[in-house]
Every structure is written in C-alpha cells, then in structure tokens.
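**Q** Handing over model_12.csv, CSV, C-alpha atoms and all ligand atoms.
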chain,number,residue,atom,x,y,z
A,522,MET,CA,0.0,0.0,0.0
A,523,GLU,CA,1.3,3.5,-0.9
A,524,ILE,CA,0.1,6.7,0.7
A,525,GLU,CA,0.8,10.2,-0.6
A,526,PRO,CA,-0.6,13.6,0.6
A,527,LEU,CA,-3.1,15.6,-1.4
A,528,HIS,CA,-2.9,19.0,0.3
A,529,GLU,CA,-0.9,20.3,3.2
A,530,ASP,CA,-4.0,20.7,5.3
A,531,PHE,CA,-5.6,17.3,4.7
A,532,GLY,CA,-6.1,14.4,2.4
A,533,VAL,CA,-4.2,11.3,1.2
A,534,ARG,CA,-4.2,9.2,-2.0
A,535,VAL,CA,-4.0,5.4,-1.3
A,536,ARG,CA,-2.8,3.0,-3.9
A,537,GLY,CA,-2.7,-0.8,-3.6
A,538,PHE,CA,-5.8,-1.1,-1.4
A,539,ASP,CA,-8.8,-3.0,-2.8
A,540,LEU,CA,-12.0,-1.6,-1.3
A,541,THR,CA,-14.1,-4.3,-3.0
A,542,ALA,CA,-12.4,-7.3,-1.4
A,543,PRO,CA,-13.7,-8.6,1.9
A,544,LEU,CA,-12.0,-6.5,4.7
A,545,ASP,CA,-10.7,-7.9,7.9
A,546,SER,CA,-11.0,-6.0,11.2
A,547,GLU,CA,-7.4,-4.6,10.9
A,548,GLU,CA,-8.2,-3.2,7.4
A,549,ILE,CA,-11.4,-1.7,8.7
A,550,ALA,CA,-9.5,-0.1,11.6
A,551,LEU,CA,-7.0,1.3,9.1
A,552,LEU,CA,-9.7,2.9,7.1
A,553,HIS,CA,-11.2,4.6,10.2
A,554,ARG,CA,-7.7,5.8,11.2
A,555,LEU,CA,-7.1,7.3,7.7
A,556,VAL,CA,-10.4,9.2,8.0
A,557,ASP,CA,-9.7,10.3,11.5
A,558,ASP,CA,-6.2,11.6,10.6
A,559,TYR,CA,-6.5,12.8,7.0
A,560,SER,CA,-10.2,13.6,6.6
A,561,VAL,CA,-10.2,12.9,2.8
A,562,VAL,CA,-9.0,9.6,1.4
A,563,LEU,CA,-8.9,8.9,-2.3
A,564,PHE,CA,-8.6,5.3,-3.7
A,565,PRO,CA,-8.1,5.3,-7.4
A,566,ALA,CA,-8.8,2.4,-9.8
A,567,GLN,CA,-11.4,0.6,-7.7
A,568,ARG,CA,-13.6,-2.0,-9.5
A,569,MET,CA,-16.7,-0.9,-7.6
A,570,THR,CA,-20.2,-2.1,-7.8
A,571,ASP,CA,-23.3,-1.0,-5.8
A,572,GLU,CA,-23.2,-4.2,-3.9
A,573,ALA,CA,-19.5,-3.8,-3.0
A,574,GLN,CA,-20.1,-0.1,-2.0
A,575,MET,CA,-23.0,-1.1,0.3
A,576,LEU,CA,-20.8,-3.9,1.9
A,577,LEU,CA,-17.9,-1.4,2.4
A,578,THR,CA,-20.3,1.2,3.9
A,579,SER,CA,-21.8,-1.3,6.3
A,580,SER,CA,-18.4,-2.5,7.4
A,581,LEU,CA,-17.6,1.1,8.5
A,582,GLY,CA,-20.8,1.6,10.5
A,583,GLU,CA,-24.5,2.1,10.0
A,584,PRO,CA,-25.5,3.2,6.5
A,585,GLU,CA,-27.4,6.4,6.5
A,586,GLU,CA,-30.6,6.5,4.4
A,587,ASN,CA,-31.1,9.0,1.6
A,588,HIS,CA,-33.0,11.8,3.3
A,589,VAL,CA,-34.5,13.1,0.0
A,590,ILE,CA,-36.3,9.9,-0.8
A,591,TYR,CA,-37.1,9.2,2.9
A,592,GLY,CA,-38.5,12.7,3.4
A,593,ARG,CA,-40.7,12.6,0.3
A,594,THR,CA,-42.0,9.0,0.5
A,595,GLY,CA,-40.8,7.3,3.7
A,596,GLU,CA,-38.9,4.7,1.6
A,597,LEU,CA,-35.5,3.7,2.9
A,598,VAL,CA,-32.8,3.8,0.2
A,599,TYR,CA,-29.1,3.7,1.1
A,600,ILE,CA,-27.3,4.4,-2.2
A,601,GLY,CA,-28.0,7.2,-4.6
A,602,THR,CA,-26.9,8.7,-7.9
A,603,VAL,CA,-25.0,12.0,-7.8
A,604,GLY,CA,-25.2,13.4,-11.3
A,605,ASN,CA,-27.7,13.2,-14.1
A,606,VAL,CA,-27.6,9.6,-15.4
A,607,ILE,CA,-30.8,7.6,-15.3
A,608,ASP,CA,-29.5,4.5,-17.2
A,609,GLY,CA,-27.2,3.6,-20.1
A,610,GLN,CA,-29.1,5.7,-22.6
A,611,THR,CA,-30.9,8.4,-20.7
A,612,GLN,CA,-29.9,11.3,-18.6
A,613,ARG,CA,-31.5,14.4,-17.1
A,614,ASP,CA,-30.8,17.7,-18.9
A,615,GLU,CA,-30.4,21.2,-17.4
A,616,SER,CA,-34.2,21.8,-17.3
A,617,ASP,CA,-34.9,18.7,-15.2
A,618,PRO,CA,-36.0,19.7,-11.6
A,619,HIS,CA,-33.6,17.0,-10.2
A,620,THR,CA,-30.6,18.6,-12.0
A,621,GLN,CA,-31.6,22.0,-10.6
A,622,SER,CA,-32.0,20.6,-7.1
A,623,MET,CA,-28.6,18.9,-7.3
A,624,LYS,CA,-27.1,22.4,-7.7
A,625,GLY,CA,-27.6,22.8,-4.0
A,626,ASN,CA,-24.5,20.6,-3.7
A,627,ASN,CA,-22.5,23.5,-5.2
A,628,LEU,CA,-22.7,25.4,-1.9
A,629,TRP,CA,-20.0,24.6,0.6
A,630,HIS,CA,-21.6,22.0,3.0
A,631,SER,CA,-21.2,19.0,5.2
A,632,ASP,CA,-23.5,16.2,4.3
A,633,SER,CA,-26.5,15.8,6.6
A,634,SER,CA,-25.3,18.5,9.1
A,635,PHE,CA,-29.1,19.3,9.3
A,636,ARG,CA,-29.9,15.9,10.8
A,637,ALA,CA,-30.0,15.1,14.5
A,638,VAL,CA,-27.4,12.5,13.9
A,639,PRO,CA,-25.3,13.9,11.0
A,640,SER,CA,-23.1,11.9,8.6
A,641,TYR,CA,-19.7,10.6,9.6
A,642,ILE,CA,-18.2,9.4,6.2
A,643,SER,CA,-19.5,10.0,2.7
A,644,ILE,CA,-18.3,7.6,0.1
A,645,LEU,CA,-18.5,8.7,-3.5
A,646,HIS,CA,-17.6,6.5,-6.5
A,647,ALA,CA,-17.2,7.7,-10.0
A,648,TYR,CA,-18.5,5.7,-13.0
A,649,GLU,CA,-18.9,8.3,-15.7
A,650,VAL,CA,-17.6,11.9,-15.6
A,651,PRO,CA,-18.1,14.9,-17.8
A,652,LYS,CA,-15.3,15.9,-20.2
A,653,ARG,CA,-15.4,19.4,-18.8
A,654,GLY,CA,-16.4,20.4,-15.3
A,655,GLY,CA,-17.9,18.2,-12.6
A,656,ALA,CA,-14.9,18.5,-10.2
A,657,THR,CA,-15.5,18.5,-6.4
A,658,GLU,CA,-13.7,20.9,-4.0
A,659,PHE,CA,-12.8,20.2,-0.4
A,660,VAL,CA,-11.5,22.2,2.6
A,661,SER,CA,-10.7,21.4,6.2
A,662,GLN,CA,-12.5,23.1,9.1
A,663,ARG,CA,-9.9,21.5,11.4
A,664,ALA,CA,-7.1,23.4,9.7
A,665,ALA,CA,-9.4,26.5,9.8
A,666,TYR,CA,-10.0,26.1,13.5
A,667,LYS,CA,-6.3,25.8,14.1
A,668,ARG,CA,-5.7,29.1,12.2
A,669,LEU,CA,-8.0,31.0,14.6
A,670,SER,CA,-6.4,33.0,17.5
A,671,GLY,CA,-6.6,31.4,20.9
A,672,THR,CA,-9.1,34.2,21.9
A,673,LYS,CA,-11.4,33.4,19.0
A,674,GLN,CA,-11.2,29.7,19.7
A,675,THR,CA,-12.2,30.3,23.3
A,676,ALA,CA,-15.0,32.7,22.2
A,677,ILE,CA,-16.7,30.2,20.0
A,678,GLN,CA,-16.0,27.1,22.0
A,679,ASP,CA,-19.4,26.5,23.6
A,680,LEU,CA,-21.7,27.9,20.9
A,681,HIS,CA,-24.5,26.0,19.3
A,682,VAL,CA,-25.7,26.4,15.7
A,683,LEU,CA,-29.0,25.7,14.1
A,684,HIS,CA,-28.6,23.8,10.8
A,685,ASP,CA,-31.5,24.0,8.5
A,686,TYR,CA,-31.8,22.2,5.1
A,687,VAL,CA,-34.8,24.3,3.9
A,688,PHE,CA,-32.9,27.5,4.7
A,689,SER,CA,-29.9,26.5,2.6
A,690,ARG,CA,-31.5,24.6,-0.2
A,691,THR,CA,-34.3,26.9,-1.1
A,692,LYS,CA,-31.6,29.3,-2.2
A,693,THR,CA,-31.0,27.1,-5.3
A,694,ALA,CA,-34.2,25.1,-5.9
A,695,PRO,CA,-37.6,24.4,-4.3
A,696,VAL,CA,-37.8,21.7,-1.6
A,697,HIS,CA,-40.7,19.2,-1.7
A,698,ASP,CA,-43.3,19.9,1.0
A,699,ASN,CA,-43.0,16.4,2.6
A,700,HIS,CA,-39.2,16.6,2.5
A,701,ALA,CA,-39.2,20.1,4.1
A,702,ALA,CA,-41.5,19.0,6.9
A,703,SER,CA,-39.3,16.0,7.6
A,704,LEU,CA,-36.3,18.2,8.3
A,705,PRO,CA,-36.9,20.8,11.1
A,706,PRO,CA,-33.8,22.9,12.1
A,707,ILE,CA,-31.4,20.9,14.3
A,708,GLU,CA,-29.0,22.2,16.9
A,709,GLN,CA,-25.4,21.2,16.6
A,710,LYS,CA,-22.2,22.0,18.5
A,711,LEU,CA,-20.1,24.7,16.7
A,712,VAL,CA,-16.8,23.2,17.9
A,713,ARG,CA,-16.3,19.4,17.6
A,714,SER,CA,-13.5,17.2,18.7
A,715,ASN,CA,-12.5,14.0,17.0
A,716,PRO,CA,-13.1,11.2,19.5
A,717,ASN,CA,-9.9,9.3,18.6
A,718,ASN,CA,-7.2,11.9,18.1
A,719,GLY,CA,-8.8,14.8,20.0
A,720,LEU,CA,-8.3,17.3,17.2
A,721,GLN,CA,-10.8,20.1,17.1
A,722,ASN,CA,-12.6,21.8,14.3
A,723,TYR,CA,-15.5,24.1,13.8
A,724,TYR,CA,-18.6,22.9,12.0
A,725,VAL,CA,-20.5,25.3,9.8
A,726,GLY,CA,-21.2,25.2,6.0
A,727,ALA,CA,-24.3,26.2,4.0
A,728,HIS,CA,-26.9,24.6,6.3
A,729,ALA,CA,-25.6,26.6,9.3
A,730,ARG,CA,-28.4,29.2,9.8
A,731,SER,CA,-27.9,30.9,13.1
A,732,ILE,CA,-26.1,30.8,16.4
A,733,VAL,CA,-28.5,29.7,19.2
A,734,GLY,CA,-29.3,32.7,21.4
A,735,TRP,CA,-27.8,35.3,19.1
A,736,GLY,CA,-29.5,37.9,16.9
A,737,GLY,CA,-29.8,37.3,13.2
A,738,ILE,CA,-27.1,39.9,12.1
A,739,GLU,CA,-24.5,38.7,14.6
A,740,SER,CA,-25.2,35.1,13.7
A,741,ARG,CA,-24.7,35.7,10.0
A,742,LEU,CA,-21.6,37.7,10.6
A,743,LEU,CA,-19.9,34.9,12.6
A,744,ILE,CA,-21.1,32.0,10.4
A,745,ASP,CA,-20.1,33.9,7.2
A,746,GLU,CA,-16.7,34.7,8.7
A,747,LEU,CA,-16.0,31.1,9.6
A,748,ASN,CA,-17.2,29.8,6.2
A,749,ALA,CA,-15.1,32.4,4.4
A,750,LEU,CA,-12.0,31.6,6.4
A,751,ALA,CA,-12.3,27.9,5.9
A,752,THR,CA,-12.9,28.1,2.1
A,753,ARG,CA,-10.2,30.5,0.9
A,754,GLN,CA,-8.8,29.4,-2.4
A,755,GLU,CA,-5.4,28.4,-1.1
A,756,TYR,CA,-6.9,26.0,1.4
A,757,ARG,CA,-8.9,24.1,-1.2
A,758,TRP,CA,-8.1,20.7,-2.7
A,759,THR,CA,-10.0,19.8,-5.9
A,760,GLN,CA,-10.9,16.3,-6.9
A,761,PHE,CA,-10.9,16.0,-10.7
A,762,TRP,CA,-12.7,12.7,-11.1
A,763,THR,CA,-11.5,9.7,-13.1
A,764,PRO,CA,-13.8,6.8,-13.5
A,765,GLY,CA,-12.8,4.2,-10.9
A,766,ASP,CA,-12.1,6.8,-8.2
A,767,THR,CA,-13.6,6.1,-4.8
A,768,LEU,CA,-13.4,9.0,-2.4
A,769,PHE,CA,-14.1,9.1,1.4
A,770,TRP,CA,-14.6,12.3,3.3
A,771,ASP,CA,-15.1,13.0,6.9
A,772,ASN,CA,-18.3,15.1,7.3
A,773,ARG,CA,-17.4,15.8,10.9
A,774,CYS,CA,-14.7,18.3,9.8
A,775,ILE,CA,-14.7,18.7,6.0
A,776,LEU,CA,-16.7,21.0,3.8
A,777,HIS,CA,-17.1,20.1,0.1
A,778,ARG,CA,-19.0,21.5,-2.9
A,779,GLY,CA,-19.6,20.6,-6.5
A,780,THR,CA,-18.4,23.0,-9.2
A,781,GLY,CA,-21.1,22.3,-11.8
A,782,TYR,CA,-21.1,20.9,-15.3
A,783,ASP,CA,-23.3,21.1,-18.4
A,784,ALA,CA,-26.0,18.5,-18.0
A,785,ASP,CA,-27.2,19.2,-21.5
A,786,ARG,CA,-23.9,18.0,-23.0
A,787,TYR,CA,-22.5,15.5,-20.5
A,788,ARG,CA,-23.3,12.4,-18.5
A,789,ARG,CA,-22.2,12.3,-14.8
A,790,ASN,CA,-22.7,9.0,-13.0
A,791,MET,CA,-21.4,8.8,-9.4
A,792,ARG,CA,-22.8,6.7,-6.6
A,793,GLN,CA,-22.9,7.9,-3.0
A,794,THR,CA,-23.4,6.1,0.3
A,795,ARG,CA,-22.9,7.6,3.8
A,796,VAL,CA,-22.0,6.2,7.2
A,797,ARG,CA,-24.2,7.6,10.0
A,798,GLY,CA,-22.4,9.5,12.8
A,799,LEU,CA,-22.3,7.9,16.3
A,800,GLY,CA,-24.9,10.2,17.8
A,801,PRO,CA,-26.0,13.9,18.1
A,802,THR,CA,-23.2,16.4,18.2
A,803,LEU,CA,-24.6,17.8,21.4
A,804,SER,CA,-23.8,14.6,23.3
A,805,GLU,CA,-20.2,14.4,21.9
B,901,LIG,C1,-22.2,14.9,-2.5
B,901,LIG,C2,-21.8,16.2,-3.1
B,901,LIG,C3,-20.7,17.3,-5.0
B,901,LIG,C4,-20.4,16.9,-6.4
B,901,LIG,O1,-22.1,13.9,-3.2
B,901,LIG,O2,-22.5,14.9,-1.3
B,901,LIG,O3,-22.0,17.2,-2.5
B,901,LIG,O4,-19.4,17.3,-6.9
B,901,LIG,N1,-21.2,16.2,-4.3
B,901,LIG,O5,-21.2,16.2,-6.9
B,902,MN,MN,-22.6,16.7,-0.4
Let me see the structure of the file written as structure tokens.
**A**
Amino acid sequence: MEIEPLHEDFGVRVRGFDLTAPLDSEEIALLHRLVDDYSVVLFPAQRMTDEAQMLLTSSLGEPEENHVIYGRTGELVYIGTVGNVIDGQTQRDESDPHTQSMKGNNLWHSDSSFRAVPSYISILHAYEVPKRGGATEFVSQRAAYKRLSGTKQTAIQDLHVLHDYVFSRTKTAPVHDNHAASLPPIEQKLVRSNPNNGLQNYYVGAHARSIVGWGGIESRLLIDELNALATRQEYRWTQFWTPGDTLFWDNRCILHRGTGYDADRYRRNMRQTRVRGLGPTLSE
C-alpha cells in the first residue's frame, strides 16, 4: 500500500488497497484511522459495484438513508446517484428539476449536518464523468479552526448552531413539502473534537443558519466569517474525477462542494453512500 498527501491541510491518496475485497478488522480499523487523521481519502482504480459499495459502507458503520427519498415517501434507500444519469441511454438535462435541485451541492456544505445524527463518512464512487467540469472541492474546518487566534477559539468554544436544510437549499431550488416537513432545524455544536485523536474543528457550511441565542445579524456575521476563512482558495483541494475513483470524506470536519457541469452535454454518474455518525453532536 502506498500513501501520498493531497494538500498540506488534509487528504491522502491510497494505492494498492482493494476496497471491493472482503475486509478484515485490521483493514477496517486502518480505514477509520485514515479518515480520523487525514479527513479525505482517495482510492483510485477501484472495481466498484453498488453491492460492494454497500458492503464497504456497512463495514464502516451504520449506513445512512437518503433523506430526500425518505422525506418525500418514507422509503429507505441507502445508495443514490450523484449526477444526471438515469440509465445507459438516458440522462436528465439542465431543465430537469432534479438537475436543478442537485445544484444545492455547489454550496460549501457538510452532508446531513441538518440531521439530528449527522453523517460521519460520505463515500462517492465515479463511474462516468463529464469531459469538462464536474470536479468536487474540499476544505478542512480542522485546519481552519487551528488558524483562529486562541481568543477566538475560546470565544466560539461553547456555541451551538441551528442547521437548516430548507434555509440553505431553497436558495437554489424548491424543496418538496414532505421533505421540508421531515427536516426541522437541528441544533449542533459549533466546535467538535475527533473522539480518537482529540483534534478540534468548527462545523458550519451552507446549512448553518444561526447561532443559538444570538440575533440574526450577529449570527450571520460569525457564520459567514467562519465559512469564508475555511474556504479560501489556497486552502482548497480539488478532486478532478477519473472513473474508478472512490473518495471518502469526513463530514465531521470537512466542507465540500460541486463545481457544476453542463448536464445538456455531458453524463455524470457517481454513486454515493454515507455512514451515519455515532450520535447527536450535542452529546459528543
Ligand atoms: C455529494 C456532493 C458534490 C459533487 O455527493 O454529497 O455534494 O461534486 N457532491 O457532486
Ligand atoms: Mn454533499
């Protein structure tokens, strides 16, 4: 196995590890450790299938259901398409409401930060990628927290934040009534600690709506400041997808966003699963 860094703040590329083979407990522990320590882990050239991705996801914890389908219909589905592909011949174009709704992913966010138990790891595998566009950007809120002054770290240490899917996503596309009703705003800790290595980070992103107990203007100023500090150009690492890439990211401390592509011209077929967090952030 070979490991090389992706960015000085976070991330590693791992070659020589087959994610689709049955994994023993040492290999599973290694995957958790890579996520704990590096936050983003890229495994190129994986011969992935949906079945193998589900097995991999279950071996890392409890799979998290797709909240869009669950919120609309109550149906539990654990793997979903990111992109516009429907099947081998058909894809959604720019005018399709689903394509529009996916554009919400182009705001910096942490997956499911608006759920009582937010995501731990997201696993995204690329099958088909556009010739132009379609890259995904990442930044570390752990590195960003470390860059704050000690005074600022102390000032934000015990704050709580409301995360609200409807607040963030209605900026780019309408949210289905049932889906909206299934996702009331959720209170999260602003500062989180990794349970295994103790490293701290702040936890904001697009779904962060307001600071609990603070006025609207003060809330926005702080959340915008923290988001802006985390996502500065020089702190970003961009994943330019190649088919066969499987990427893990740690939603506890990473922000990510899509950069968009032309759905009228290109097909994009990626499959995503998520591992649920261990519990609400307020009991961490
Ligand atoms: C996601 C996501 C961004 C992209 O899969 O959770 O936000 O580039 N993806 O598709
Ligand atoms: Mn996402």
**Q** Give as a short mmCIF file (atom, residue, chain, number, x, y, z; two decimals) with C-alpha atoms, in the coordinates of the input each residue that has an atom at most 7 Å from (-28.1, 19.0, -16.4) in the file, counting only C-alpha atoms.
**A**
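Ended up saving to result31.cif:
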data_model
loop_
_atom_site.label_atom_id
_atom_site.label_comp_id
_atom_site.auth_asym_id
_atom_site.auth_seq_id
_atom_site.Cartn_x
_atom_site.Cartn_y
_atom_site.Cartn_z
CA ASN A 605 -27.70 13.20 -14.10
CA ARG A 613 -31.50 14.40 -17.10
CA ASP A 614 -30.80 17.70 -18.90
CA GLU A 615 -30.40 21.20 -17.40
CA SER A 616 -34.20 21.80 -17.30
CA ASP A 617 -34.90 18.70 -15.20
CA THR A 620 -30.60 18.60 -12.00
CA ASP A 783 -23.30 21.10 -18.40
CA ALA A 784 -26.00 18.50 -18.00
CA ASP A 785 -27.20 19.20 -21.50
#
**Q** List every protein, DNA or RNA residue with an atom no more than 9 Å from (-12.9, 23.5, 4.3) in the file's coordinates, counting only C-alpha atoms, and format the result as number ranges by chain.
**A** A: 629-630, 658-665, 726, 748, 750-753, 756-758, 774-777
**Q** By how many Å are CA of Asn626 (chain A) and CA of Lys673 (chain A) apart?
**A**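 Value for the CA of Asn626 (chain A)-CA of Lys673 (chain A) distance: 29.2 Å.
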**Q** Residues near Gly779 (chain A), anyone? I mean within 12 Å using only C-alpha atoms, not counting same-chain ones fewer than 6 positions away, as a list in words.
**A**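 Using only C-alpha atoms, the neighbours found are Val603, Gly604, Met623, Lys624, Gly625, Asn626, Asn627, Leu628, Trp629, His630, Ser631, Gly654, Gly655, Ala656, Thr657, Glu658, Phe659, Thr759, Gln760, Phe761 and Trp762 of chain A.
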**Q** Go through A:Ser580, A:Asn790, A:Thr780, A:Ser670 one by one, measure the shortest atom-to-atom distance of each to ligand MN 902 (chain B) using only C-alpha atoms and all ligand atoms, and give the residue with the smallest value.
**A** A:Thr780
**Q** Mind filling out region 793-804 of chain A with all heavy atoms and sending it as an mmCIF file, keeping the file's coordinate frame?
**A**
data_model
loop_
_atom_site.group_PDB
_atom_site.id
_atom_site.type_symbol
_atom_site.label_atom_id
_atom_site.label_comp_id
_atom_site.auth_asym_id
_atom_site.auth_seq_id
_atom_site.Cartn_x
_atom_site.Cartn_y
_atom_site.Cartn_z
ATOM 1 N N GLN A 793 -23.296 7.438 -4.364
ATOM 2 C CA GLN A 793 -22.900 7.900 -3.000
ATOM 3 C C GLN A 793 -23.596 7.074 -1.941
ATOM 4 O O GLN A 793 -24.793 6.784 -2.025
ATOM 5 C CB GLN A 793 -23.277 9.364 -2.837
ATOM 6 C CG GLN A 793 -22.401 10.039 -1.782
ATOM 7 C CD GLN A 793 -23.147 10.992 -0.881
ATOM 8 O OE1 GLN A 793 -24.173 10.643 -0.321
ATOM 9 N NE2 GLN A 793 -22.601 12.190 -0.733
ATOM 10 N N THR A 794 -22.821 6.700 -0.945
ATOM 11 C CA THR A 794 -23.400 6.100 0.300
ATOM 12 C C THR A 794 -22.785 6.955 1.445
ATOM 13 O O THR A 794 -21.787 7.660 1.276
ATOM 14 C CB THR A 794 -22.934 4.661 0.493
ATOM 15 O OG1 THR A 794 -21.514 4.566 0.299
ATOM 16 C CG2 THR A 794 -23.647 3.728 -0.484
ATOM 17 N N ARG A 795 -23.415 6.836 2.605
ATOM 18 C CA ARG A 795 -22.900 7.600 3.800
ATOM 19 C C ARG A 795 -22.977 6.652 5.006
ATOM 20 O O ARG A 795 -23.878 5.814 5.128
ATOM 21 C CB ARG A 795 -23.745 8.802 4.050
ATOM 22 C CG ARG A 795 -23.545 9.904 3.034
ATOM 23 C CD ARG A 795 -24.241 11.183 3.440
ATOM 24 N NE ARG A 795 -25.672 10.979 3.465
ATOM 25 C CZ ARG A 795 -26.459 11.159 2.422
ATOM 26 N NH1 ARG A 795 -25.951 11.582 1.283
ATOM 27 N NH2 ARG A 795 -27.743 10.937 2.522
ATOM 28 N N VAL A 796 -22.027 6.864 5.904
ATOM 29 C CA VAL A 796 -22.000 6.200 7.200
ATOM 30 C C VAL A 796 -22.543 7.179 8.223
ATOM 31 O O VAL A 796 -22.040 8.309 8.316
ATOM 32 C CB VAL A 796 -20.600 5.730 7.589
ATOM 33 C CG1 VAL A 796 -20.625 4.995 8.919
ATOM 34 C CG2 VAL A 796 -19.980 4.877 6.493
ATOM 35 N N ARG A 797 -23.551 6.763 8.984
ATOM 36 C CA ARG A 797 -24.200 7.600 10.000
ATOM 37 C C ARG A 797 -23.172 7.949 11.102
ATOM 38 O O ARG A 797 -22.336 7.098 11.463
ATOM 39 C CB ARG A 797 -25.370 6.918 10.562
ATOM 40 C CG ARG A 797 -26.408 7.842 11.181
ATOM 41 C CD ARG A 797 -27.468 7.076 11.944
ATOM 42 N NE ARG A 797 -28.269 6.133 11.192
ATOM 43 C CZ ARG A 797 -29.269 6.446 10.364
ATOM 44 N NH1 ARG A 797 -29.567 7.710 10.131
ATOM 45 N NH2 ARG A 797 -29.958 5.516 9.734
ATOM 46 N N GLY A 798 -23.246 9.142 11.675
ATOM 47 C CA GLY A 798 -22.400 9.500 12.800
ATOM 48 C C GLY A 798 -22.824 8.643 14.039
ATOM 49 O O GLY A 798 -23.852 7.946 14.027
ATOM 50 N N LEU A 799 -22.034 8.731 15.089
ATOM 51 C CA LEU A 799 -22.300 7.900 16.300
ATOM 52 C C LEU A 799 -23.419 8.412 17.142
ATOM 53 O O LEU A 799 -23.965 7.669 17.945
ATOM 54 C CB LEU A 799 -21.006 7.747 17.099
ATOM 55 C CG LEU A 799 -19.897 6.922 16.427
ATOM 56 C CD1 LEU A 799 -18.647 6.901 17.282
ATOM 57 C CD2 LEU A 799 -20.390 5.505 16.121
ATOM 58 N N GLY A 800 -23.763 9.699 16.991
ATOM 59 C CA GLY A 800 -24.900 10.200 17.800
ATOM 60 C C GLY A 800 -24.991 11.722 17.547
ATOM 61 O O GLY A 800 -24.273 12.280 16.693
ATOM 62 N N PRO A 801 -25.893 12.404 18.256
ATOM 63 C CA PRO A 801 -26.000 13.900 18.100
ATOM 64 C C PRO A 801 -24.744 14.565 18.509
ATOM 65 O O PRO A 801 -24.088 14.122 19.471
ATOM 66 C CB PRO A 801 -27.175 14.225 19.036
ATOM 67 C CG PRO A 801 -27.815 12.956 19.452
ATOM 68 C CD PRO A 801 -26.788 11.860 19.284
ATOM 69 N N THR A 802 -24.401 15.653 17.853
ATOM 70 C CA THR A 802 -23.200 16.400 18.200
ATOM 71 C C THR A 802 -23.274 16.912 19.648
ATOM 72 O O THR A 802 -22.259 17.041 20.337
ATOM 73 C CB THR A 802 -22.835 17.514 17.258
ATOM 74 O OG1 THR A 802 -23.878 18.513 17.339
ATOM 75 C CG2 THR A 802 -22.733 17.027 15.827
ATOM 76 N N LEU A 803 -24.488 17.212 20.101
ATOM 77 C CA LEU A 803 -24.600 17.800 21.400
ATOM 78 C C LEU A 803 -24.225 16.822 22.534
ATOM 79 O O LEU A 803 -23.926 17.236 23.656
ATOM 80 C CB LEU A 803 -26.089 18.280 21.680
ATOM 81 C CG LEU A 803 -26.569 19.411 20.763
ATOM 82 C CD1 LEU A 803 -27.939 19.896 21.200
ATOM 83 C CD2 LEU A 803 -25.582 20.568 20.719
ATOM 84 N N SER A 804 -24.229 15.523 22.243
ATOM 85 C CA SER A 804 -23.800 14.600 23.300
ATOM 86 C C SER A 804 -22.336 14.109 23.034
ATOM 87 O O SER A 804 -21.874 13.147 23.669
ATOM 88 C CB SER A 804 -24.740 13.406 23.438
ATOM 89 O OG SER A 804 -25.280 13.013 22.220
#
